[in-house]
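Beneath this line is the structure, given in structure tokens, with notes to follow.
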Protein chains: 4
Amino acid sequence: MDDGADLVSTLHKDRRELLDNVRGGTEETTTGVIRLRAMANNGALEYPIIAVNDAMTKHFFDNRYGTGQSTIDGIVRATNILLAGKTFVVAGYGWCGRGLAMRARGMGANVIVTEVDPLAALEAVMDGFRVMPMEEAAPIGDIFCTLTGDINVIDQHHFDRMKDGAIVSNSGHFNVEVNIPSLESMAVEKRKPREFIEQYILPDGRSLNLLGEGRLINLAAAEGHPASVMDMSFANQALSLEYLFKHAEELENMVYTIPEDIDREIARMKLEEMGVEIDTLTEEQETYLASWEEGT
Amino acid sequence: MDDGADLVSTLHKDRRELLDNVRGGTEETTTGVIRLRAMANNGALEYPIIAVNDAMTKHFFDNRYGTGQSTIDGIVRATNILLAGKTFVVAGYGWCGRGLAMRARGMGANVIVTEVDPLAALEAVMDGFRVMPMEEAAPIGDIFCTLTGDINVIDQHHFDRMKDGAIVSNSGHFNVEVNIPSLESMAVEKRKPREFIEQYILPDGRSLNLLGEGRLINLAAAEGHPASVMDMSFANQALSLEYLFKHAEELENMVYTIPEDIDREIARMKLEEMGVEIDTLTEEQETYLASWEEGT
Amino acid sequence: MDDGADLVSTLHKDRRELLDNVRGGTEETTTGVIRLRAMANNGALEYPIIAVNDAMTKHFFDNRYGTGQSTIDGIVRATNILLAGKTFVVAGYGWCGRGLAMRARGMGANVIVTEVDPLAALEAVMDGFRVMPMEEAAPIGDIFCTLTGDINVIDQHHFDRMKDGAIVSNSGHFNVEVNIPSLESMAVEKRKPREFIEQYILPDGRSLNLLGEGRLINLAAAEGHPASVMDMSFANQALSLEYLFKHAEELENMVYTIPEDIDREIARMKLEEMGVEIDTLTEEQETYLASWEEGT
Amino acid sequence: MDDGADLVSTLHKDRRELLDNVRGGTEETTTGVIRLRAMANNGALEYPIIAVNDAMTKHFFDNRYGTGQSTIDGIVRATNILLAGKTFVVAGYGWCGRGLAMRARGMGANVIVTEVDPLAALEAVMDGFRVMPMEEAAPIGDIFCTLTGDINVIDQHHFDRMKDGAIVSNSGHFNVEVNIPSLESMAVEKRKPREFIEQYILPDGRSLNLLGEGRLINLAAAEGHPASVMDMSFANQALSLEYLFKHAEELENMVYTIPEDIDREIARMKLEEMGVEIDTLTEEQETYLASWEEGT
């Protein structure tokens with residue numbers, strides 16, 4: 001999820017002026033964190049980073065609930081297709097992918113998940129989804145969406161096997177998750193039946209529909225995440241900057257997981273704003289949890 | 001989840017005879033890990049522990065899918081109650097609690113979650129459940145189940161407000177999650193209408209039904225976890241013992257998280273056994289993921 | 001659901017020119033059928049009507065899956081609100097209402113149903129929804145949508161109790177389901193924060209957001225039903241006209257339920273088009289079903 | 001669903017003694033109604049029948065929610081299998097079948113539906129299930145359950161293709177839905193690994209597990225429907241007998257659908273007992289619904 005990137009950089013800019021002493025940055029996206037960790041491993045990172053994306057109040061909400069809903073929204077706005085009864089292929093079962101899988105099922109689609117990680121794949125199976133290689137999903141799917149952070153997840157040999165009329169979209173990191181150059185080179189003709197649809201006509205007569213030029217479909221065709229998702233992401237950014245400021249001396253040029261205290265405090269404030277009350281541990285309960293002498 | 005404890009200790013015993021050089025242990029349950037960590041913090045732990053419970057192939061399956069299904073199973077066997085249309089209160093939204101909440105909803109119940117942790121509470125809200133203090137849930141619930149690892153989560157002031165005929169059960173760590181002594185002292189009479197039900201008659205005429213004497217209901221009234229859940233837990237135990245054996249020299253008297261390699265390998269084997277194939281990263285994709293120079 | 005009304009009347013017009021001998025009409029909407037039946041009861045109906053809306057291939061699809069998805073679509077386009085974690089009040093548990101309730105839950109909302117019919121209300125309870133009078137739902141709901149075919153289902157005494165920021169919409173028959181004149185008279189100010197939102201500021205400072213002027217939100221803010229829903233409705237229309245033509249002599253000035261043969265034939269064609277194969281009764285099975293002498 | 005048959009006949013017997021003037025009977029089960037209608041068509045029915053099964057308060061609850069839950073219960077008690085991640089084949093998408101499909105999905109299984117009726121099949125597709133002929137489902141399924149009212153729905157050519165270890169059960173009308181004689185004749189050996197499992201070893205080494213001798217698994221291995229389901233069925237029986245008594249003169253030797261007034265009254269009483277309140281039409285609303293002159 002890269003939406004809000006401009007806002008975030010603006011926010012950083014403003015904050016930096018206020019906080020002259022802050023040395024470091026915060027990173028909002030899964031993909032960004034992966035790259036910054038790669039940079040740190042290569043010794044190329046020149047200041048500390050707080051991985052805001054690691055916050056539960058970020059990835060549970062923004063990546064899962066936000067991307068889940070807004071991707072459905074983008075696909076429906078682009079196509080006005082009925083999801084009930086369709087076979088919906090979700091590539092990737094990370095936070096974004098499971099958000100989309102959950103929502104596609106919630107709209108009545110029959111969902112297939114593709115994965116490269118056995119742990120995520122197994123969880124998808126146990127969540128009741130079919131899991132299979134993209135090669136097998138290609139000829140079955142009505143709608144495809146990639147959310148992997150990787151490239152060419154849908155590639156020429158997949159296009160070769162897709163049904164006439166299949167819909168291909170991306171809600172991952174960039175427009176490289178679908179191999180568009182390959183699709184371009186395969187097509188004998190290209191049409192634009194609706195605003196966010198490029199229809200590629202293949203030599204055998206099949207047409208494949210690419211949404212939003214393979215860009216993040218929730219941003220291309222819809223409005224990105226609702227404010228009630230982004231509020232927590234931005235709260236994480238703001239409190240991370242404060243943390244960078246306060247701990248400037250100790251932090252090295254590494255990628256740091258966001259402190260759990262910040263995460264928990266944001267959750268507490270969000271519940272309060274939603275009017276949801278929860279239980280508090282009694283003294284007796286706190287003592288019990290910290291002990292190991294009681295019990296069988 | 002403490003089921004299988006006897007099996008586990010037997011397994012440990014057998015393995016210890018084989019592996020004379022192993023110094024350390026493995027721990028299967030959330031509660032056990034909490035206590036062992038408390039012991040380590042107190043300097044009371046005398047050998048290294050691998051926290052098997054931390055494995056995704058353990059807690060995702062055993063705690064979530066296993067406890068989820070087997071708790072429903074235990075409650076239905078004990079009561080033969082129809083879950084559809086009932087208000088079902090789940091205390092605790094950890095792995096076990098969310099497993100049960102998911103399954104109770106899947107059986108048509110309207111689920112309320114109680115929590116003390118704002119992060120877990122917020123996730124429960126976003127998953128579509130009602131979240132409130134137990135005090136407010138008490139007069140609404142038809143069925144209650146605790147899965148918290150704590151004591152007196154359902155206490156006298158909750159019994160005071162419950163509906164006539166309410167069902168109270170536990171699928172957490174021990175029979176202390178429900179304050180049974182308090183219920184005993186409140187009651188003017190005690191009946192046994194079915195095998196796993198103790199019915200407490202209160203002075204105002206209400207009757208409250210405690211299942212399986214407050215012990216883990218999936219063990220008390222059902223058969224605990226299916227073999228297809230426990231297989232992964234035991235695989236984690238076995239491979240953790242091998243790890244303790246191989247790394248005997250380096251390990252200190254601490255609680256170690258299970259190595260992710262073991263976890264992933266077990267997931268891979270499980271998928272194979274289930275006949276599920278997944279994708280493999282191409283060389284191009286691996287390179288891309290490790291890089292930070294490409295992309296926008 | 002009145003969408004497609006213009007298309008339908010055009011279709012009728014064209015068909016009438018072709019089929020000079022057809023005497024009668026077809027009716028697509030629940031509300032239309034109710035009114036035509038009222039006309040028939042009053043002796044005011046001047047030709048036979050086939051109630052296309054009664055077809056399972058109409059109301060199961062158009063009313064349930066079509067309205068369910070497109071209403072969510074309309075509300076999200078109008079507001080860009082995150083549905084996960086919101087309390088969503090669905091007024092009416094007819095085919096449209098249950099379609100919306102199912103989809104709102106599928107998007108992570110906590111759904112409350114209001115009803116006047118005990119059978120529908122009981123079914124909503126057993127489907128896991130909370131059911132209560134609108135009076136009680138009013139202060140709890142974040143989003144309201146009416147799908148009842150009736151008037152003033154949300155009325156002044158409900159507005160009085162709603163939360164600040166509540167969203168009110170209609171996906172029923174007309175813009176009379178919400179008492180808008182009453183809302184207009186209560187408000188001290190009216191704003192337009194987004195294209196499809198009228199925001200009413202009440203004397204006590206609360207603001208209530210009415211979507212699409214209370215008109216069918218799936219038509220006002222989205223695109224109505226997808227083609228893959230309307231195809232079956234139109235197939236019912238076309239085959240009903242053929243039926244009217246073939247049975248012109250026998251039909252009286254009444255509202256007729258669509259013949260089940262037509263309904264089943266359309267389902268058969270739709271499955272074929274979707275590439276779904278089903279089983280066929282063997283001779284042995286047909287004989288068994290028609291018999292009453294075999295069996296215990 | 002034939003459970004409660006003995007209770008029902010006892011009830012009939014008692015009532016008959018009380019109500020000497022009642023001429024007729026009531027029928028509780030789908031299969032019974034099919035057979036009685038076949039008898040009526042053959043002129044073999046000698047007194048009027050009220051088809052209690054037609055009541056929404058009967059088939060929505062007993063067939064759908066009751067059979068749904070109790071079939072899951074029976075299969076889990078018989079096998080202690082984990083349902084999450086399993087492929088679960090439901091034969092028949094009538095009220096019982098959709099009840100089971102809904103609950104199997106709710107327990108995390110991936111559900112396939114087989115059907116002979118295109119309308120029911122199409123609805124299953126739109127509900128997000130895979131639909132295919134049993135021939136194709138046979139090699140994929142882990143667990144099979146028939147709920148069709150027909151014979152040999154799972155037959156020799158299906159057994160031929162099933163996976164080693166497949167589980168076969170019935171929750172339909174009789175033990176004829178699965179062709180057991182054929183399975184007996186195919187097997188080279190028969191074992192009994194658990195109380196309600198007959199394991200058939202086939203010549204190629206595969207073993208197939210038949211539950212409860214093919215009898216209704218919710219009765220064979222579990223306790224049939226909960227009291228909170230049967231209460232409505234029996235209320236329908238009781239009020240139908242009263243109706244037979246009051247309308248003795250007018251009724252012919254036919255199968256009558258239960259009067260909707262009875263159905264609605266039972267729903268009203270059930271809601272009251274559950275503490276659920278609903279809305280009541282205002283006079284203005286009643287007038288509006290009966291009119292056809294208002295509105296656009």
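How things are named: the first chain in the structure tokens is A, the next is B, and so on; residues count from 1 in each chain; ligands count from 1 in the order shown.
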Give the superposed chain D as a compact mmCIF listing (two decimals) with C-alpha atoms, in the first residue's frame, the fit being least squares on chain A over all ordered C-alpha pairs.
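Here's the written file out-v6.txt:
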# COMPACT_ATOMS: atom_id res chain seq x y z
CA MET D 1 -0.07 -0.09 -0.11
CA ASP D 2 1.50 3.09 -1.32
CA ASP D 3 -1.50 5.33 -1.07
CA GLY D 4 -1.09 8.40 0.99
CA ALA D 5 2.59 8.52 -0.02
CA ASP D 6 2.39 12.17 -0.94
CA LEU D 7 0.55 13.02 2.23
CA VAL D 8 3.12 11.11 4.22
CA SER D 9 6.07 12.88 2.65
CA THR D 10 4.39 16.25 3.20
CA LEU D 11 3.77 15.29 6.78
CA HIS D 12 7.42 14.26 7.15
CA LYS D 13 8.50 17.56 5.68
CA ASP D 14 6.37 19.62 8.06
CA ARG D 15 7.44 17.62 11.03
CA ARG D 16 11.11 17.90 10.09
CA GLU D 17 10.89 21.64 10.14
CA LEU D 18 9.37 21.49 13.61
CA LEU D 19 11.67 18.87 14.99
CA ASP D 20 15.12 19.97 13.93
CA ASN D 21 16.72 17.39 16.12
CA VAL D 22 14.98 14.37 14.65
CA ARG D 23 17.35 12.19 12.74
CA GLY D 24 15.52 9.39 11.02
CA GLY D 25 12.36 8.50 9.22
CA THR D 26 9.27 6.40 9.40
CA GLU D 27 8.04 3.99 6.79
CA GLU D 28 4.39 3.32 6.11
CA THR D 29 4.39 0.49 3.57
CA THR D 30 5.32 -3.21 3.59
CA THR D 31 7.30 -2.78 0.41
CA GLY D 32 9.10 0.25 1.77
CA VAL D 33 10.12 -1.65 4.91
CA ILE D 34 11.41 -4.60 2.84
CA ARG D 35 13.53 -2.24 0.79
CA LEU D 36 14.81 -0.26 3.78
CA ARG D 37 15.77 -3.51 5.51
CA ALA D 38 17.61 -4.53 2.32
CA MET D 39 19.38 -1.14 2.42
CA ALA D 40 20.27 -1.60 6.09
CA ASN D 41 21.70 -5.03 5.29
CA ASN D 42 23.81 -3.46 2.55
CA GLY D 43 25.01 -0.68 4.88
CA ALA D 44 23.24 1.82 2.63
CA LEU D 45 20.83 3.17 5.24
CA GLU D 46 22.01 6.54 6.52
CA TYR D 47 19.60 7.12 9.41
CA PRO D 48 17.31 5.14 11.71
CA ILE D 49 13.87 4.13 10.47
CA ILE D 50 10.79 3.27 12.49
CA ALA D 51 8.82 0.65 10.57
CA VAL D 52 5.35 2.07 11.11
CA ASN D 53 4.03 -0.69 8.90
CA ASP D 54 4.91 -3.21 11.64
CA ALA D 55 2.38 -1.64 14.01
CA MET D 56 -0.70 -3.76 14.48
CA THR D 57 -2.75 -0.55 14.38
CA LYS D 58 -1.21 -0.01 10.96
CA HIS D 59 -1.10 -3.35 9.13
CA PHE D 60 -4.20 -4.87 10.74
CA PHE D 61 -6.24 -1.87 9.68
CA ASP D 62 -4.63 -0.19 6.71
CA ASN D 63 -3.37 -3.36 5.01
CA ARG D 64 -6.10 -5.75 5.98
CA TYR D 65 -9.39 -3.89 6.44
CA GLY D 66 -8.41 -0.87 4.35
CA THR D 67 -6.95 -2.67 1.35
CA GLY D 68 -9.59 -5.38 1.62
CA GLN D 69 -12.50 -2.98 1.25
CA SER D 70 -10.91 -0.44 -1.08
CA THR D 71 -9.70 -3.09 -3.53
CA ILE D 72 -13.21 -4.50 -3.82
CA ASP D 73 -14.39 -0.92 -4.24
CA GLY D 74 -11.86 -0.24 -7.00
CA ILE D 75 -12.68 -3.42 -8.91
CA VAL D 76 -16.44 -2.82 -8.68
CA ARG D 77 -16.15 0.82 -9.75
CA ALA D 78 -13.92 -0.16 -12.68
CA THR D 79 -16.11 -3.01 -13.91
CA ASN D 80 -19.54 -2.91 -12.20
CA ILE D 81 -19.24 -6.70 -12.08
CA LEU D 82 -21.33 -8.84 -9.71
CA LEU D 83 -18.91 -10.62 -7.36
CA ALA D 84 -21.35 -13.26 -6.11
CA GLY D 85 -20.74 -16.54 -7.88
CA LYS D 86 -17.46 -15.45 -9.44
CA THR D 87 -14.15 -17.24 -8.98
CA PHE D 88 -11.81 -14.66 -7.48
CA VAL D 89 -8.06 -15.36 -7.44
CA VAL D 90 -6.03 -13.53 -4.78
CA ALA D 91 -2.26 -13.71 -5.31
CA GLY D 92 -0.52 -13.39 -1.96
CA TYR D 93 -1.87 -14.11 1.52
CA GLY D 94 -0.05 -11.39 3.45
CA TRP D 95 -2.08 -8.79 5.36
CA CYS D 96 -3.36 -7.16 2.18
CA GLY D 97 -4.12 -10.47 0.51
CA ARG D 98 -6.03 -11.89 3.43
CA GLY D 99 -7.96 -8.63 3.71
CA LEU D 100 -9.03 -8.96 0.10
CA ALA D 101 -9.73 -12.71 0.33
CA MET D 102 -11.99 -12.11 3.35
CA ARG D 103 -13.92 -9.33 1.62
CA ALA D 104 -14.23 -11.12 -1.74
CA ARG D 105 -15.73 -14.07 0.13
CA GLY D 106 -17.93 -11.64 2.04
CA MET D 107 -19.30 -10.42 -1.29
CA GLY D 108 -20.17 -13.99 -2.34
CA ALA D 109 -17.20 -14.85 -4.53
CA ASN D 110 -15.49 -18.24 -4.46
CA VAL D 111 -11.91 -17.38 -3.55
CA ILE D 112 -8.67 -19.07 -4.63
CA VAL D 113 -5.39 -18.05 -2.99
CA THR D 114 -1.92 -18.42 -4.51
CA GLU D 115 1.19 -18.21 -2.33
CA VAL D 116 4.92 -18.97 -2.25
CA ASP D 117 5.20 -19.22 1.55
CA PRO D 118 4.03 -22.56 2.99
CA LEU D 119 2.98 -20.97 6.31
CA ALA D 120 0.73 -18.42 4.67
CA ALA D 121 -0.53 -21.04 2.21
CA LEU D 122 -1.43 -23.43 5.01
CA GLU D 123 -3.28 -20.69 6.86
CA ALA D 124 -5.27 -19.90 3.70
CA VAL D 125 -6.23 -23.58 3.40
CA MET D 126 -7.33 -23.69 7.04
CA ASP D 127 -9.33 -20.49 6.49
CA GLY D 128 -11.39 -22.45 3.96
CA PHE D 129 -9.88 -21.12 0.73
CA ARG D 130 -8.62 -23.21 -2.16
CA VAL D 131 -4.86 -22.87 -2.58
CA MET D 132 -3.07 -23.78 -5.80
CA PRO D 133 -0.29 -22.55 -8.10
CA MET D 134 -1.24 -19.60 -10.33
CA GLU D 135 -0.75 -21.95 -13.29
CA GLU D 136 -3.79 -23.95 -12.15
CA ALA D 137 -5.80 -20.94 -11.05
CA ALA D 138 -5.33 -19.15 -14.40
CA PRO D 139 -7.90 -21.14 -16.41
CA ILE D 140 -10.48 -21.09 -13.58
CA GLY D 141 -10.49 -17.49 -12.39
CA ASP D 142 -12.97 -14.80 -13.40
CA ILE D 143 -11.16 -12.03 -11.51
CA PHE D 144 -7.48 -11.89 -10.51
CA CYS D 145 -5.78 -9.50 -8.10
CA THR D 146 -2.12 -9.48 -7.06
CA LEU D 147 -1.00 -8.32 -3.60
CA THR D 148 2.48 -9.75 -3.27
CA GLY D 149 5.19 -7.07 -3.37
CA ASP D 150 6.86 -9.08 -6.10
CA ILE D 151 7.13 -8.94 -9.92
CA ASN D 152 5.48 -10.88 -12.74
CA VAL D 153 3.23 -12.82 -10.41
CA ILE D 154 0.84 -13.01 -13.34
CA ASP D 155 2.96 -13.68 -16.37
CA GLN D 156 2.71 -14.68 -20.01
CA HIS D 157 2.18 -18.39 -19.33
CA HIS D 158 -0.75 -17.45 -17.10
CA PHE D 159 -2.35 -15.15 -19.69
CA ASP D 160 -2.02 -18.05 -22.12
CA ARG D 161 -4.42 -20.12 -20.03
CA MET D 162 -6.95 -17.55 -18.88
CA LYS D 163 -10.63 -17.59 -19.82
CA ASP D 164 -12.06 -15.20 -22.34
CA GLY D 165 -13.19 -12.10 -20.47
CA ALA D 166 -10.97 -12.61 -17.43
CA ILE D 167 -10.30 -9.51 -15.32
CA VAL D 168 -6.75 -8.82 -14.11
CA SER D 169 -5.86 -6.27 -11.44
CA ASN D 170 -3.22 -5.36 -8.90
CA SER D 171 -3.50 -4.01 -5.38
CA GLY D 172 0.07 -4.79 -4.34
CA HIS D 173 3.04 -2.47 -4.45
CA PHE D 174 3.54 -1.35 -8.08
CA ASN D 175 2.30 -2.05 -11.55
CA VAL D 176 5.02 -4.70 -11.98
CA GLU D 177 3.09 -7.50 -10.25
CA VAL D 178 1.30 -8.18 -13.52
CA ASN D 179 3.62 -8.56 -16.51
CA ILE D 180 1.99 -5.87 -18.64
CA PRO D 181 4.73 -5.60 -21.26
CA SER D 182 4.19 -9.28 -21.97
CA LEU D 183 0.43 -8.76 -22.27
CA GLU D 184 1.03 -5.80 -24.61
CA SER D 185 3.24 -7.92 -26.85
CA MET D 186 0.75 -10.81 -26.96
CA ALA D 187 -2.22 -8.65 -27.96
CA VAL D 188 -3.36 -8.08 -31.53
CA GLU D 189 -5.64 -5.26 -30.49
CA LYS D 190 -6.37 -3.07 -27.48
CA ARG D 191 -9.71 -1.49 -26.59
CA LYS D 192 -11.06 0.70 -23.81
CA PRO D 193 -14.64 -0.43 -23.07
CA ARG D 194 -14.85 1.54 -19.79
CA GLU D 195 -12.78 4.18 -18.11
CA PHE D 196 -10.48 1.94 -16.04
CA ILE D 197 -10.40 -1.08 -18.33
CA GLU D 198 -7.84 -1.85 -21.02
CA GLN D 199 -9.08 -4.80 -23.03
CA TYR D 200 -6.39 -6.86 -24.76
CA ILE D 201 -7.52 -9.02 -27.67
CA LEU D 202 -5.33 -12.07 -28.09
CA PRO D 203 -4.63 -13.85 -31.39
CA ASP D 204 -6.98 -16.73 -30.45
CA GLY D 205 -9.85 -14.26 -29.96
CA ARG D 206 -9.89 -14.22 -26.16
CA SER D 207 -10.03 -10.81 -24.52
CA LEU D 208 -8.36 -10.07 -21.19
CA ASN D 209 -9.30 -7.01 -19.17
CA LEU D 210 -6.55 -5.17 -17.30
CA LEU D 211 -7.79 -2.71 -14.69
CA GLY D 212 -6.24 0.71 -14.04
CA GLU D 213 -3.13 -0.07 -16.12
CA GLY D 214 -2.07 -2.51 -13.43
CA ARG D 215 -1.66 0.27 -10.87
CA LEU D 216 -3.10 -0.10 -7.38
CA ILE D 217 -6.73 -0.49 -8.24
CA ASN D 218 -8.00 1.01 -4.97
CA LEU D 219 -6.17 4.22 -5.84
CA ALA D 220 -6.64 4.10 -9.59
CA ALA D 221 -10.39 3.52 -9.64
CA ALA D 222 -11.53 4.26 -6.06
CA GLU D 223 -10.44 6.65 -3.32
CA GLY D 224 -7.81 4.67 -1.46
CA HIS D 225 -8.33 4.03 2.22
CA PRO D 226 -11.06 5.67 4.26
CA ALA D 227 -10.05 8.33 6.77
CA SER D 228 -11.00 6.00 9.60
CA VAL D 229 -8.16 3.70 8.51
CA MET D 230 -5.54 6.29 7.73
CA ASP D 231 -6.06 8.03 11.09
CA MET D 232 -4.30 5.19 12.85
CA SER D 233 -1.50 5.05 10.30
CA PHE D 234 -0.86 8.75 10.72
CA ALA D 235 -1.07 8.48 14.50
CA ASN D 236 1.68 5.87 14.26
CA GLN D 237 3.74 8.21 12.09
CA ALA D 238 3.33 11.12 14.49
CA LEU D 239 4.15 9.14 17.63
CA SER D 240 7.10 7.48 15.86
CA LEU D 241 8.58 10.87 15.05
CA GLU D 242 8.24 11.83 18.69
CA TYR D 243 10.00 8.60 19.59
CA LEU D 244 12.82 9.30 17.11
CA PHE D 245 13.18 12.74 18.69
CA LYS D 246 13.30 11.43 22.26
CA HIS D 247 15.67 8.54 21.54
CA ALA D 248 17.88 10.28 18.98
CA GLU D 249 21.06 9.41 20.85
CA GLU D 250 20.53 5.68 21.12
CA LEU D 251 19.25 4.83 17.67
CA GLU D 252 21.52 3.39 14.98
CA ASN D 253 21.11 3.34 11.20
CA MET D 254 18.72 0.43 11.32
CA VAL D 255 15.06 -0.35 10.73
CA TYR D 256 13.27 -0.47 14.10
CA THR D 257 9.97 -2.12 14.81
CA ILE D 258 7.51 0.37 16.23
CA PRO D 259 7.44 0.20 20.05
CA GLU D 260 4.46 -1.81 21.28
CA ASP D 261 3.54 0.91 23.77
CA ILE D 262 2.82 3.31 20.92
CA ASP D 263 0.77 0.68 19.14
CA ARG D 264 -1.29 -0.15 22.21
CA GLU D 265 -1.84 3.53 23.07
CA ILE D 266 -3.22 4.18 19.59
CA ALA D 267 -5.57 1.22 19.88
CA ARG D 268 -6.76 2.57 23.23
CA MET D 269 -7.48 5.99 21.76
CA LYS D 270 -9.25 4.51 18.75
CA LEU D 271 -11.56 2.39 20.93
CA GLU D 272 -12.35 5.46 23.02
CA GLU D 273 -13.23 7.43 19.89
CA MET D 274 -15.49 4.56 18.75
CA GLY D 275 -17.22 4.50 22.12
CA VAL D 276 -16.07 0.94 22.86
CA GLU D 277 -15.24 0.11 26.47
CA ILE D 278 -13.19 -2.90 27.54
CA ASP D 279 -12.28 -4.69 30.73
CA THR D 280 -9.35 -3.78 32.96
CA LEU D 281 -7.24 -6.34 34.80
CA THR D 282 -7.96 -6.46 38.52
CA GLU D 283 -4.97 -6.44 40.85
CA GLU D 284 -5.65 -10.08 41.60
CA GLN D 285 -5.53 -10.86 37.87
CA GLU D 286 -2.31 -8.94 37.26
CA THR D 287 -0.64 -10.79 40.12
CA TYR D 288 -1.86 -14.09 38.79
CA LEU D 289 -0.55 -13.46 35.27
CA ALA D 290 2.90 -12.53 36.58
CA SER D 291 3.16 -15.58 38.81
CA TRP D 292 4.17 -19.14 38.04
CA GLU D 293 3.71 -20.67 41.45
CA GLU D 294 -0.08 -20.90 41.43
CA GLY D 295 -2.06 -23.29 39.33
CA THR D 296 -1.77 -26.93 38.45
* To do: Identify all residues of segment 136-212 of chain D in helix (DSSP H, G or I) (DSSP on the backbone) and supply them as a count of residues only.
  => 14
* To do: Return as a PyMOL selection string the full set of residues in segment 14-240 of chain A whose backbone-based DSSP assignment is strand (DSSP E).
  => chain A and resi 25-27+49-51+87-91+110-114+130-131+143-146+167-170+189-191+197-201+207-211
